[in-house]
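Okay, model36.cif is below, mmCIF, C-alpha atoms and all ligand atoms:
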data_coords
loop_
_atom_site.label_atom_id
_atom_site.label_comp_id
_atom_site.auth_asym_id
_atom_site.auth_seq_id
_atom_site.Cartn_x
_atom_site.Cartn_y
_atom_site.Cartn_z
CA MET M 1 -38.08 71.68 7.70
CA ASP M 2 -40.47 69.45 5.86
CA MET M 3 -43.72 71.13 4.80
CA ASN M 4 -46.11 68.30 5.51
CA GLU M 5 -49.41 70.15 5.82
CA GLY M 6 -49.34 69.55 9.54
CA LYS M 7 -50.60 65.98 9.29
CA ASP M 8 -47.59 64.15 10.61
CA LEU M 9 -44.09 65.26 11.52
CA SER M 10 -41.26 63.71 9.60
CA ASP M 11 -38.22 65.37 11.18
CA ARG M 12 -39.17 65.26 14.86
CA THR M 13 -41.28 63.30 17.29
CA PHE M 14 -43.07 66.08 19.12
CA TRP M 15 -44.56 69.35 17.96
CA LEU M 16 -41.58 71.21 19.26
CA ALA M 17 -38.73 73.42 18.19
CA LYS M 18 -35.27 71.90 18.38
CA GLU M 19 -32.56 73.66 20.37
CA ASP M 20 -30.64 74.74 17.28
CA GLU M 21 -33.81 76.15 15.72
CA VAL M 22 -34.33 78.27 18.82
CA LYS M 23 -30.69 79.32 18.75
CA ARG M 24 -31.11 80.48 15.13
CA ALA M 25 -34.30 82.37 16.10
CA GLU M 26 -36.40 80.26 13.76
CA THR M 27 -39.20 80.34 16.31
CA THR M 28 -39.58 84.08 15.99
CA ASP M 29 -42.53 85.99 14.52
CA VAL M 30 -42.39 86.60 10.81
CA TYR M 31 -42.71 90.36 11.09
CA PHE M 32 -39.14 90.47 12.35
CA LEU M 33 -38.05 88.93 9.06
CA TYR M 34 -40.09 91.52 7.15
CA THR M 35 -38.33 94.19 9.24
CA LEU M 36 -34.89 92.78 8.55
CA ARG M 37 -35.61 92.60 4.84
CA VAL M 38 -36.73 96.22 4.62
CA LEU M 39 -33.82 97.48 6.70
CA GLU M 40 -31.34 95.51 4.65
CA LYS M 41 -32.76 96.71 1.32
CA LYS M 42 -32.62 100.29 2.56
CA GLY M 43 -29.13 99.92 4.02
CA LEU M 44 -30.20 100.76 7.55
CA ASN M 45 -28.70 99.09 10.59
CA PRO M 46 -28.68 101.53 13.51
CA ARG M 47 -26.95 100.88 16.78
CA VAL M 48 -29.76 100.79 19.33
CA VAL M 49 -30.31 100.16 23.01
CA MET M 50 -33.25 97.88 23.73
CA GLU M 51 -34.64 97.38 27.24
CA VAL M 52 -36.70 94.49 28.54
CA TYR M 53 -39.06 95.48 31.34
CA LEU M 54 -42.39 94.83 33.00
CA ARG M 55 -44.92 97.45 34.01
CA ASN M 56 -47.32 95.34 36.08
CA VAL M 57 -47.28 91.97 37.76
CA PRO M 58 -50.57 90.05 37.74
CA TYR M 59 -50.80 90.27 41.55
CA PRO M 60 -51.63 93.04 43.99
CA ASP M 61 -47.90 93.52 44.60
CA SER M 62 -45.26 95.39 42.67
CA TRP M 63 -42.36 92.98 42.57
CA GLY M 64 -41.30 89.85 40.73
CA VAL M 65 -38.39 87.43 40.52
CA VAL M 66 -36.67 87.51 37.16
CA THR M 67 -35.46 84.20 35.73
CA GLY M 68 -34.50 83.09 32.25
CA ILE M 69 -31.43 85.34 32.16
CA TYR M 70 -29.15 82.29 31.94
CA GLU M 71 -30.98 81.01 28.88
CA VAL M 72 -31.02 84.43 27.24
CA ALA M 73 -27.24 84.53 27.68
CA LYS M 74 -26.97 81.17 25.93
CA LEU M 75 -29.36 82.31 23.21
CA LEU M 76 -27.44 85.50 22.43
CA GLU M 77 -23.93 84.15 22.94
CA GLY M 78 -21.86 84.67 19.80
CA LEU M 79 -23.89 87.60 18.44
CA PRO M 80 -21.99 90.90 18.17
CA LEU M 81 -23.78 92.47 21.14
CA ASN M 82 -23.20 93.89 24.58
CA VAL M 83 -25.85 92.85 27.07
CA LYS M 84 -26.39 93.93 30.65
CA ALA M 85 -28.87 92.19 32.92
CA MET M 86 -29.98 91.69 36.46
CA GLU M 87 -28.78 88.56 38.21
CA GLU M 88 -30.81 85.42 37.72
CA GLY M 89 -33.36 85.37 40.55
CA GLU M 90 -33.10 89.10 41.26
CA VAL M 91 -36.18 90.79 42.64
CA PHE M 92 -37.26 93.62 40.35
CA LEU M 93 -39.85 96.24 41.15
CA THR M 94 -42.69 97.68 39.12
CA SER M 95 -44.43 101.00 39.45
CA PRO M 96 -48.02 100.49 38.24
CA GLU M 97 -48.96 104.12 38.90
CA SER M 98 -46.04 105.59 36.98
CA VAL M 99 -44.32 105.44 33.58
CA ILE M 100 -41.02 104.38 35.13
CA TYR M 101 -39.84 100.81 35.08
CA GLU M 102 -36.81 98.69 35.89
CA PRO M 103 -35.11 97.14 32.86
CA VAL M 104 -34.11 93.58 33.70
CA LEU M 105 -32.09 93.30 30.51
CA GLN M 106 -30.46 95.83 28.19
CA ILE M 107 -29.12 95.05 24.75
CA ASP M 108 -26.71 97.35 22.95
CA GLY M 109 -26.04 96.42 19.34
CA ARG M 110 -26.85 96.90 15.70
CA TYR M 111 -30.55 96.24 15.36
CA ARG M 112 -30.26 93.85 12.43
CA ASP M 113 -27.92 91.67 14.48
CA PHE M 114 -30.61 90.76 16.99
CA ALA M 115 -34.07 91.94 15.86
CA GLN M 116 -35.34 88.39 15.36
CA TYR M 117 -34.25 87.42 18.88
CA GLU M 118 -36.75 89.68 20.60
CA ASN M 119 -39.40 87.02 20.49
CA PRO M 120 -37.38 84.13 21.99
CA ILE M 121 -35.78 86.46 24.56
CA LEU M 122 -39.22 87.45 25.80
CA GLY M 123 -40.50 83.88 25.70
CA LEU M 124 -37.65 82.71 27.91
CA ILE M 125 -37.99 85.50 30.44
CA CYS M 126 -41.79 85.85 30.49
CA MET M 127 -42.62 82.23 31.22
CA SER M 128 -39.80 81.51 33.62
CA SER M 129 -40.25 84.74 35.59
CA GLY M 130 -43.99 84.13 35.85
CA ILE M 131 -43.26 80.78 37.49
CA SER M 132 -40.42 81.91 39.75
CA SER M 133 -42.40 84.93 40.92
CA LYS M 134 -45.47 82.85 41.73
CA ALA M 135 -43.26 80.29 43.50
CA ALA M 136 -41.73 83.11 45.55
CA ARG M 137 -45.19 84.36 46.55
CA VAL M 138 -46.19 80.86 47.60
CA LYS M 139 -43.02 80.41 49.63
CA MET M 140 -43.39 83.86 51.15
CA TYR M 141 -46.75 82.82 52.57
CA ALA M 142 -45.63 79.28 53.43
CA GLY M 143 -42.65 80.60 55.44
CA GLU M 144 -40.82 77.75 57.15
CA LYS M 145 -43.39 75.21 55.99
CA PHE M 146 -42.19 72.76 53.32
CA VAL M 147 -43.32 73.30 49.74
CA PHE M 148 -43.11 70.45 47.22
CA SER M 149 -43.29 71.13 43.48
CA PHE M 150 -45.87 68.82 41.87
CA GLY M 151 -46.71 70.71 38.71
CA THR M 152 -44.77 69.34 35.77
CA ARG M 153 -47.70 67.11 34.80
CA ARG M 154 -49.59 70.24 33.84
CA ALA M 155 -47.18 71.39 31.14
CA HIS M 156 -45.50 70.00 28.06
CA PRO M 157 -42.91 67.51 29.36
CA ILE M 158 -40.13 69.21 27.44
CA LEU M 159 -40.57 72.21 29.75
CA ALA M 160 -40.22 70.19 32.96
CA PRO M 161 -36.61 71.25 33.68
CA THR M 162 -37.41 74.92 33.07
CA ILE M 163 -40.44 74.75 35.35
CA GLU M 164 -38.65 72.94 38.15
CA ARG M 165 -35.67 75.28 38.00
CA ALA M 166 -37.82 78.41 38.13
CA THR M 167 -39.92 76.90 40.93
CA PHE M 168 -36.85 76.02 42.98
CA ILE M 169 -35.26 79.43 42.47
CA GLY M 170 -38.55 80.95 43.67
CA GLY M 171 -38.02 79.17 46.98
CA PHE M 172 -39.70 75.76 46.75
CA ASP M 173 -38.02 73.18 48.98
CA SER M 174 -38.05 70.29 46.55
CA VAL M 175 -38.86 69.28 43.00
CA SER M 176 -40.44 65.99 41.98
CA ASN M 177 -39.53 65.78 38.32
CA ILE M 178 -36.69 63.33 37.66
CA LEU M 179 -34.99 65.12 34.77
CA GLY M 180 -35.71 68.53 36.28
CA ALA M 181 -33.95 67.47 39.47
CA LYS M 182 -31.10 65.76 37.62
CA LEU M 183 -30.20 68.88 35.63
CA MET M 184 -30.25 70.86 38.86
CA GLY M 185 -27.97 68.37 40.63
CA LYS M 186 -30.76 67.55 43.09
CA LYS M 187 -32.56 64.45 44.25
CA PRO M 188 -36.21 64.45 43.22
CA VAL M 189 -38.65 64.19 46.13
CA GLY M 190 -42.04 62.47 45.98
CA THR M 191 -44.57 60.54 48.01
CA MET M 192 -46.93 57.97 46.44
CA PRO M 193 -49.86 58.22 44.01
CA HIS M 194 -53.37 56.87 44.56
CA ALA M 195 -52.63 54.43 41.74
CA LEU M 196 -50.25 52.48 44.00
CA ILE M 197 -52.93 52.04 46.66
CA GLN M 198 -55.54 51.20 44.04
CA CYS M 199 -53.28 48.48 42.63
CA PHE M 200 -53.02 46.80 46.02
CA GLY M 201 -56.63 47.52 46.95
CA ASP M 202 -55.56 47.81 50.58
CA GLN M 203 -53.95 50.86 52.13
CA GLU M 204 -52.15 49.05 54.93
CA ILE M 205 -50.54 46.50 52.61
CA THR M 206 -49.54 49.34 50.29
CA TRP M 207 -47.85 51.42 52.99
CA LYS M 208 -46.07 48.38 54.42
CA SER M 209 -44.91 47.33 50.94
CA PHE M 210 -43.65 50.85 50.26
CA ASP M 211 -41.75 50.77 53.54
CA GLU M 212 -40.31 47.34 52.77
CA VAL M 213 -39.19 48.15 49.24
CA MET M 214 -38.07 51.75 49.28
CA PRO M 215 -34.53 52.69 50.36
CA PRO M 216 -34.23 54.40 53.76
CA GLU M 217 -33.61 57.87 52.33
CA VAL M 218 -37.11 57.98 50.81
CA PRO M 219 -39.39 59.48 53.45
CA ARG M 220 -42.36 57.34 54.39
CA ILE M 221 -45.22 59.67 53.53
CA ALA M 222 -48.51 57.79 53.36
CA LEU M 223 -51.29 59.07 51.15
CA VAL M 224 -54.34 58.84 53.41
CA ASP M 225 -57.42 59.72 51.42
CA THR M 226 -57.90 56.91 48.93
CA PHE M 227 -60.76 54.75 50.18
CA SER M 228 -61.76 56.04 53.62
CA ASP M 229 -61.92 59.14 55.67
CA GLU M 230 -58.61 60.92 56.34
CA LYS M 231 -58.72 60.44 60.12
CA THR M 232 -59.33 56.71 59.77
CA GLU M 233 -56.55 56.29 57.21
CA ALA M 234 -54.09 58.48 59.16
CA ILE M 235 -54.56 56.28 62.23
CA MET M 236 -54.24 53.16 60.07
CA ALA M 237 -51.00 54.50 58.56
CA PHE M 238 -49.49 55.15 61.99
CA GLU M 239 -50.57 51.76 63.26
CA ALA M 240 -49.08 50.15 60.14
CA LEU M 241 -45.70 51.91 60.15
CA GLY M 242 -45.34 53.21 63.70
CA ASP M 243 -42.32 55.43 64.19
CA ARG M 244 -41.21 54.73 60.62
CA LEU M 245 -44.05 56.91 59.39
CA TYR M 246 -42.53 60.29 58.50
CA GLY M 247 -45.70 61.94 57.34
CA ILE M 248 -49.10 61.68 55.79
CA ARG M 249 -50.48 63.43 52.72
CA LEU M 250 -54.08 64.51 52.34
CA ASP M 251 -55.00 65.03 48.72
CA THR M 252 -58.69 65.18 49.54
CA PRO M 253 -60.74 66.00 46.43
CA ARG M 254 -62.46 69.38 46.57
CA SER M 255 -65.88 67.71 46.50
CA ARG M 256 -65.06 65.88 49.74
CA ARG M 257 -63.21 68.57 51.64
CA GLY M 258 -66.00 70.08 53.68
CA ASP M 259 -64.24 72.04 56.38
CA TRP M 260 -60.64 71.09 55.60
CA ARG M 261 -59.29 72.89 58.62
CA LYS M 262 -61.45 70.84 60.97
CA ILE M 263 -60.54 67.63 59.16
CA ILE M 264 -56.83 68.40 59.52
CA GLU M 265 -57.22 69.40 63.18
CA GLU M 266 -59.06 66.15 63.81
CA VAL M 267 -56.27 64.17 62.15
CA ARG M 268 -53.63 66.08 64.14
CA TRP M 269 -55.44 65.45 67.41
CA GLU M 270 -55.93 61.74 66.80
CA LEU M 271 -52.29 61.29 65.83
CA LYS M 272 -51.10 63.25 68.83
CA ILE M 273 -53.04 61.29 71.44
CA ARG M 274 -51.56 58.13 69.95
CA GLY M 275 -48.05 59.47 70.43
CA ALA M 276 -47.61 60.42 66.78
CA GLU M 277 -47.24 64.16 67.22
CA ASP M 278 -44.09 64.14 65.08
CA VAL M 279 -45.85 62.73 62.05
CA LYS M 280 -45.91 65.51 59.47
CA ILE M 281 -49.12 66.50 57.76
CA PHE M 282 -48.87 67.52 54.11
CA ILE M 283 -51.71 68.62 51.88
CA SER M 284 -52.06 68.87 48.10
CA GLY M 285 -54.56 69.18 45.27
CA GLY M 286 -55.33 72.45 43.51
CA LEU M 287 -53.72 74.58 46.21
CA ASP M 288 -52.99 78.28 45.93
CA GLU M 289 -51.88 81.13 48.17
CA ASP M 290 -55.27 81.37 49.92
CA VAL M 291 -55.04 77.82 51.29
CA ILE M 292 -51.50 78.43 52.46
CA LEU M 293 -52.63 81.48 54.39
CA GLU M 294 -55.62 79.64 55.77
CA LEU M 295 -53.98 76.37 56.80
CA GLY M 296 -50.31 77.22 57.14
CA ASP M 297 -50.50 77.11 60.93
CA ILE M 298 -51.79 73.53 61.16
CA VAL M 299 -49.93 71.67 58.40
CA ASP M 300 -46.26 70.97 57.82
CA GLY M 301 -46.17 71.41 54.10
CA PHE M 302 -47.88 71.80 50.78
CA GLY M 303 -47.66 70.01 47.43
CA ILE M 304 -48.34 72.59 44.77
CA GLY M 305 -48.62 72.03 41.05
CA THR M 306 -50.80 73.88 38.57
CA LYS M 307 -50.88 77.26 40.25
CA VAL M 308 -47.12 77.52 39.98
CA SER M 309 -46.17 75.44 36.95
CA ASN M 310 -48.90 77.21 34.96
CA ALA M 311 -48.63 80.55 36.70
CA PRO M 312 -49.70 83.59 34.69
CA THR M 313 -46.91 84.56 32.32
CA PHE M 314 -45.29 87.96 32.86
CA ASP M 315 -45.82 90.24 29.88
CA PHE M 316 -42.39 91.80 29.68
CA SER M 317 -41.86 94.23 26.80
CA ALA M 318 -38.70 94.74 24.77
CA LYS M 319 -38.41 98.28 23.47
CA ILE M 320 -35.82 100.44 21.75
CA VAL M 321 -35.15 103.40 24.04
CA GLU M 322 -32.36 105.13 22.15
CA LEU M 323 -30.10 105.01 19.13
CA ILE M 324 -26.39 105.63 19.40
CA VAL M 325 -25.06 107.68 16.51
CA GLY M 326 -21.46 108.80 16.48
CA GLY M 327 -21.21 108.10 20.20
CA ARG M 328 -24.22 110.31 20.97
CA ASP M 329 -27.43 109.15 22.62
CA ILE M 330 -30.39 109.85 20.34
CA PHE M 331 -33.50 109.39 22.46
CA ARG M 332 -36.25 107.67 20.52
CA ALA M 333 -38.82 106.04 22.76
CA LYS M 334 -42.18 105.03 21.37
CA ARG M 335 -45.40 106.60 22.60
CA GLY M 336 -46.09 105.62 26.21
CA ASP M 337 -42.46 104.84 26.96
CA ILE M 338 -39.58 106.76 28.43
CA GLY M 339 -36.41 107.17 26.40
CA GLY M 340 -32.75 106.75 27.21
CA ARG M 341 -30.72 103.92 28.61
CA LYS M 342 -31.47 103.48 32.28
CA GLU M 343 -29.58 102.41 35.32
CA VAL M 344 -31.31 100.69 38.24
CA TYR M 345 -29.97 101.32 41.74
CA ARG M 346 -31.00 99.70 45.00
CA LYS M 347 -30.36 100.84 48.53
CA LYS M 348 -28.50 98.18 50.48
CA ASP M 349 -30.69 95.70 52.42
CA SER M 350 -33.91 97.26 51.20
CA PHE M 351 -36.28 97.47 48.29
CA ASP M 352 -35.85 101.17 47.81
CA ASP M 353 -34.91 101.46 44.13
CA ILE M 354 -34.03 104.41 41.95
CA ILE M 355 -34.17 104.60 38.18
CA THR M 356 -32.08 107.18 36.42
CA PHE M 357 -30.49 107.93 33.06
CA TYR M 358 -27.31 105.87 32.84
CA LYS M 359 -25.00 108.87 32.64
CA ASN M 360 -26.27 110.29 35.94
CA PRO M 361 -24.11 109.68 39.02
CA LYS M 362 -24.77 106.72 41.28
CA PRO M 363 -26.84 107.78 44.28
CA GLU M 364 -24.95 107.55 47.58
CA GLY M 365 -25.56 104.26 49.45
CA TYR M 366 -27.07 102.51 46.41
CA TYR M 367 -25.67 99.76 44.21
CA PRO M 368 -26.47 98.94 40.56
CA LEU M 369 -28.68 95.96 39.69
CA LEU M 370 -27.62 95.68 36.07
CA SER M 371 -24.25 94.16 35.26
CA ASP M 372 -22.49 92.82 32.18
CA LEU M 373 -23.88 89.56 30.86
CA ILE M 374 -22.37 89.54 27.37
CA VAL M 375 -19.50 91.68 26.11
CA ASP M 376 -18.74 91.58 22.39
CA GLY M 377 -20.67 88.33 22.05
CA LYS M 378 -18.94 86.55 24.94
CA ILE M 379 -20.70 85.56 28.15
CA VAL M 380 -18.76 87.30 30.91
CA ARG M 381 -20.87 86.36 33.89
CA ASN M 382 -20.03 83.57 36.31
CA PHE M 383 -23.41 82.02 36.88
CA LYS M 384 -24.29 81.37 40.50
CA ASN M 385 -25.38 77.96 41.70
CA LEU M 386 -29.07 77.37 42.23
CA ASP M 387 -28.85 77.05 46.00
CA ASP M 388 -27.20 80.45 46.30
CA ILE M 389 -29.81 82.00 44.02
CA ARG M 390 -32.65 80.39 45.96
CA ASN M 391 -31.19 81.44 49.32
CA SER M 392 -30.95 84.99 48.09
CA VAL M 393 -34.61 84.89 46.99
CA LEU M 394 -35.61 83.46 50.37
CA SER M 395 -33.90 86.27 52.25
CA LYS M 396 -35.50 88.85 49.96
CA ILE M 397 -39.05 87.55 50.28
CA LYS M 398 -38.71 87.76 54.06
CA ILE M 399 -38.13 91.49 53.69
CA LEU M 400 -40.86 91.83 51.05
CA LYS M 401 -43.37 90.23 53.40
CA GLU M 402 -42.79 92.98 55.92
CA THR M 403 -42.12 96.05 53.80
CA LYS M 404 -43.63 97.75 50.79
CA PRO M 405 -41.06 98.24 48.03
CA ASN M 406 -40.52 101.69 46.62
CA LEU M 407 -39.46 102.63 43.10
CA SER M 408 -38.66 106.24 42.26
CA TRP M 409 -36.59 108.16 39.71
CA ILE M 410 -34.15 111.00 39.61
C1 LIG M 501 -51.66 65.29 43.38
C2 LIG M 501 -52.95 66.02 43.37
C3 LIG M 501 -52.75 67.19 42.50
C4 LIG M 501 -51.45 67.02 41.78
C5 LIG M 501 -50.67 66.18 42.72
C6 LIG M 501 -50.73 68.30 41.41
O1 LIG M 501 -51.80 64.15 42.68
O2 LIG M 501 -54.00 65.21 42.92
O3 LIG M 501 -53.79 67.35 41.62
O4 LIG M 501 -51.13 69.36 42.19
P1 LIG M 501 -52.06 70.52 41.61
O5 LIG M 501 -53.50 70.11 41.80
O6 LIG M 501 -51.67 71.65 42.47
O7 LIG M 501 -51.73 70.68 40.19
P2 LIG M 501 -51.54 62.73 43.35
O8 LIG M 501 -52.41 62.51 44.49
O9 LIG M 501 -50.09 62.58 43.60
O10 LIG M 501 -51.85 61.86 42.12
P3 LIG M 501 -53.16 61.11 41.76
O11 LIG M 501 -54.30 61.98 42.23
O12 LIG M 501 -53.04 61.01 40.28
O13 LIG M 501 -53.04 59.86 42.49
#
Before we go any further, please render this structure as structure tokens.
Amino acid sequence: MDMNEGKDLSDRTFWLAKEDEVKRAETTDVYFLYTLRVLEKKGLNPRVVMEVYLRNVPYPDSWGVVTGIYEVAKLLEGLPLNVKAMEEGEVFLTSPESVIYEPVLQIDGRYRDFAQYENPILGLICMSSGISSKAARVKMYAGEKFVFSFGTRRAHPILAPTIERATFIGGFDSVSNILGAKLMGKKPVGTMPHALIQCFGDQEITWKSFDEVMPPEVPRIALVDTFSDEKTEAIMAFEALGDRLYGIRLDTPRSRRGDWRKIIEEVRWELKIRGAEDVKIFISGGLDEDVILELGDIVDGFGIGTKVSNAPTFDFSAKIVELIVGGRDIFRAKRGDIGGRKEVYRKKDSFDDIITFYKNPKPEGYYPLLSDLIVDGKIVRNFKNLDDIRNSVLSKIKILKETKPNLSWI
């Protein structure tokens, strides 16, 4: 890498790491290199077990959706390690009142073979899981209502595919980002920006032009808040497109919202008496869980960006819990942590989880959540497709909405 005093970059366009630099752990913190140097000089390279876990989620709940496992597998592939992990998109539990936790990932290997990877491992899991967990919360509250992902504009564009993937896994119904969708084998879904209407200077001409130009598979969703009041524009949109109008989107700025519920009810009423009861009403613009809970009964869907794409990161830790010397477990947890390699068990069709030392017997009626990801440096997991992962998350958040999860230990 060229040391250019940070004025201009000579070997890359953007202020970004390249994939091979990440793969070589060059994005790690320097203290790992100090550590490696000392250990090497002193001839120390213990076999350790490191666990990645989270103690608290930044919400009043005690569950999250772990994602980033796929990328961690790709990151660690080829290193002489054995790694166990939860499935991508698995729901893990936390126990804020207790010292116990659920490891989502467990690395078994010589410390010097992977010390520098701690940082990128956490980066991959923390950001992605923060997004997928927030997306799952949003979808849990939205229920059957449609949720569009609109948030990639709020993050560095290089992260768009990561954000869209995590958002979709969390349960969103569509993604809008072209590359994000392409890598996921999906069609991106979008409506129209204010800019299009501003270019024409006339809403009706804009909606008709959109209808004339766009292929039939693109839903006709008219943005109805650009120049006039939402009710007026919604009626205009229906009169312009008639039955071809699939839906309307209200992106009313916060300063103009007033009582948004009443505005939406008014729009719904006026459409209905004109025979347009099937026209869907979507809303967007700075939305979060509270709006979904408040307006979920009177709208058909939500466009959500910032609150999910820039969701609070999850501060997973990666900690050595034991050393393995001559086949024996040497417990060596740091202060505040619990030692020993753990196993996570879940009771079928529930969120009743048990943590126990890995050598303890499996509790009756429970199944393990950790499984082999990498064995002797080779990825051994058949990754599931995104639809299956998302469907599994959707079925789990239905249960989580109704029941309080329980994490205990034996
Ligand atoms: C929408 C709206 C939100 C954008 C999407 C993202 O923009 O203005 O701010 O959602 P977020 O607020 O949850 O991050 P559009 O109406 O599509 O675009 P514009 O306002 O630029 O015309």
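Put simply, atom CA of M:Val321 is 15.2 Å away from atom CA of M:Phe114.
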Distance filter 7 Å around ligand LIG 501 (chain M), atoms: all atoms listed in the file, out as a PyMOL selection string: chain M and resi 150-151+154+192-195+251+284-287+303-307
Atomic distance atom CA of M:Thr167 - atom CA of M:Ile69, expressed in Å with one decimal: 14.8 Å
Non-local contacts of M:Asn119 (8 Å; only C-alpha atoms; under 5 positions in same chain excluded) as number ranges by chain: M: 27-29
Between atom CA of M:Ala142 and atom CA of M:Glu289 - distance in Å to one decimal: 8.4 Å
Exercise: M:Arg220 partners within 7 Å, only C-alpha atoms, chain neighbours under 3 positions left out, as a list of chain:residue names: M:Asp211, M:Arg244, M:Leu245, M:Tyr246, M:Gly247
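When all atoms listed in the file are used to measure the gap to M:Arg346, the shortest distance among M:Pro253, M:Gly258, M:Pro363, M:Pro215 belongs to M:Pro363.
Each of M:Lys272, M:Lys348, M:Lys41, M:Arg110 was compared to M:Leu79 using all atoms listed in the file, and M:Arg110 turns out to be the nearest.
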List the neighbours of M:Phe238 out to 12 Å using only C-alpha atoms; skip same-chain residues closer than 3 positions along the sequence, and give me the result as a short mmCIF file (atom, residue, chain, number, x, y, z; two decimals) with C-alpha atoms, keeping the file's coordinate frame.
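Result saved to selection-v1.cif:
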data_model
loop_
_atom_site.label_atom_id
_atom_site.label_comp_id
_atom_site.auth_asym_id
_atom_site.auth_seq_id
_atom_site.Cartn_x
_atom_site.Cartn_y
_atom_site.Cartn_z
CA GLN M 203 -53.95 50.86 52.13
CA GLU M 204 -52.15 49.05 54.93
CA TRP M 207 -47.85 51.42 52.99
CA LYS M 208 -46.07 48.38 54.42
CA ARG M 220 -42.36 57.34 54.39
CA ILE M 221 -45.22 59.67 53.53
CA ALA M 222 -48.51 57.79 53.36
CA LEU M 223 -51.29 59.07 51.15
CA VAL M 224 -54.34 58.84 53.41
CA LYS M 231 -58.72 60.44 60.12
CA THR M 232 -59.33 56.71 59.77
CA GLU M 233 -56.55 56.29 57.21
CA ALA M 234 -54.09 58.48 59.16
CA ILE M 235 -54.56 56.28 62.23
CA LEU M 241 -45.70 51.91 60.15
CA GLY M 242 -45.34 53.21 63.70
CA ASP M 243 -42.32 55.43 64.19
CA ARG M 244 -41.21 54.73 60.62
CA LEU M 245 -44.05 56.91 59.39
CA TYR M 246 -42.53 60.29 58.50
CA GLY M 247 -45.70 61.94 57.34
CA ILE M 248 -49.10 61.68 55.79
CA VAL M 267 -56.27 64.17 62.15
CA ARG M 268 -53.63 66.08 64.14
CA GLU M 270 -55.93 61.74 66.80
CA LEU M 271 -52.29 61.29 65.83
CA LYS M 272 -51.10 63.25 68.83
CA ILE M 273 -53.04 61.29 71.44
CA ARG M 274 -51.56 58.13 69.95
CA GLY M 275 -48.05 59.47 70.43
CA ALA M 276 -47.61 60.42 66.78
CA GLU M 277 -47.24 64.16 67.22
CA ASP M 278 -44.09 64.14 65.08
CA VAL M 279 -45.85 62.73 62.05
CA LYS M 280 -45.91 65.51 59.47
#
Surrounding residues of M:Ser98 excluding itself and chain neighbours under 4 positions, 10 Å, all atoms listed in the file, as a PyMOL selection string: chain M and resi 55+94+407-408
Local residues around (-20.1, 92.0, 28.0), at most 12 Å away, using only C-alpha atoms, as a PDB file with C-alpha atoms, in the frame of the given file:
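Result file is out.pdb:
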ATOM      1  CA  ALA M  73     -27.240  84.530  27.680  1.00  0.00           C
ATOM      2  CA  LEU M  76     -27.440  85.500  22.430  1.00  0.00           C
ATOM      3  CA  GLU M  77     -23.930  84.150  22.940  1.00  0.00           C
ATOM      4  CA  GLY M  78     -21.860  84.670  19.800  1.00  0.00           C
ATOM      5  CA  LEU M  79     -23.890  87.600  18.440  1.00  0.00           C
ATOM      6  CA  PRO M  80     -21.990  90.900  18.170  1.00  0.00           C
ATOM      7  CA  LEU M  81     -23.780  92.470  21.140  1.00  0.00           C
ATOM      8  CA  ASN M  82     -23.200  93.890  24.580  1.00  0.00           C
ATOM      9  CA  VAL M  83     -25.850  92.850  27.070  1.00  0.00           C
ATOM     10  CA  LYS M  84     -26.390  93.930  30.650  1.00  0.00           C
ATOM     11  CA  ALA M  85     -28.870  92.190  32.920  1.00  0.00           C
ATOM     12  CA  GLN M 106     -30.460  95.830  28.190  1.00  0.00           C
ATOM     13  CA  ILE M 107     -29.120  95.050  24.750  1.00  0.00           C
ATOM     14  CA  ASP M 108     -26.710  97.350  22.950  1.00  0.00           C
ATOM     15  CA  GLY M 109     -26.040  96.420  19.340  1.00  0.00           C
ATOM     16  CA  LEU M 370     -27.620  95.680  36.070  1.00  0.00           C
ATOM     17  CA  SER M 371     -24.250  94.160  35.260  1.00  0.00           C
ATOM     18  CA  ASP M 372     -22.490  92.820  32.180  1.00  0.00           C
ATOM     19  CA  LEU M 373     -23.880  89.560  30.860  1.00  0.00           C
ATOM     20  CA  ILE M 374     -22.370  89.540  27.370  1.00  0.00           C
ATOM     21  CA  VAL M 375     -19.500  91.680  26.110  1.00  0.00           C
ATOM     22  CA  ASP M 376     -18.740  91.580  22.390  1.00  0.00           C
ATOM     23  CA  GLY M 377     -20.670  88.330  22.050  1.00  0.00           C
ATOM     24  CA  LYS M 378     -18.940  86.550  24.940  1.00  0.00           C
ATOM     25  CA  ILE M 379     -20.700  85.560  28.150  1.00  0.00           C
ATOM     26  CA  VAL M 380     -18.760  87.300  30.910  1.00  0.00           C
ATOM     27  CA  ARG M 381     -20.870  86.360  33.890  1.00  0.00           C
ATOM     28  CA  ASN M 382     -20.030  83.570  36.310  1.00  0.00           C
TER      29      ASN M 382
END
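Comparing M:Thr67, M:Ser149, M:Thr35, M:Thr226 by their smallest distance to M:Gly190, the closest is M:Ser149 (using all atoms listed in the file).
With all atoms listed in the file as the basis for measurement, M:Met140 is the residue among M:Phe148, M:Val213, M:Ile298, M:Met140 that approaches M:Glu402 most closely.
If only C-alpha atoms are the atoms counted, then among M:Lys398, M:Pro46, M:Ser228, M:Asp259 the closest residue to M:Gly201 is M:Ser228.
Minimum distance to M:Gly64 across M:Glu217, M:Glu40, M:Asp8, M:Glu102 (counting all atoms listed in the file) occurs at M:Glu102.
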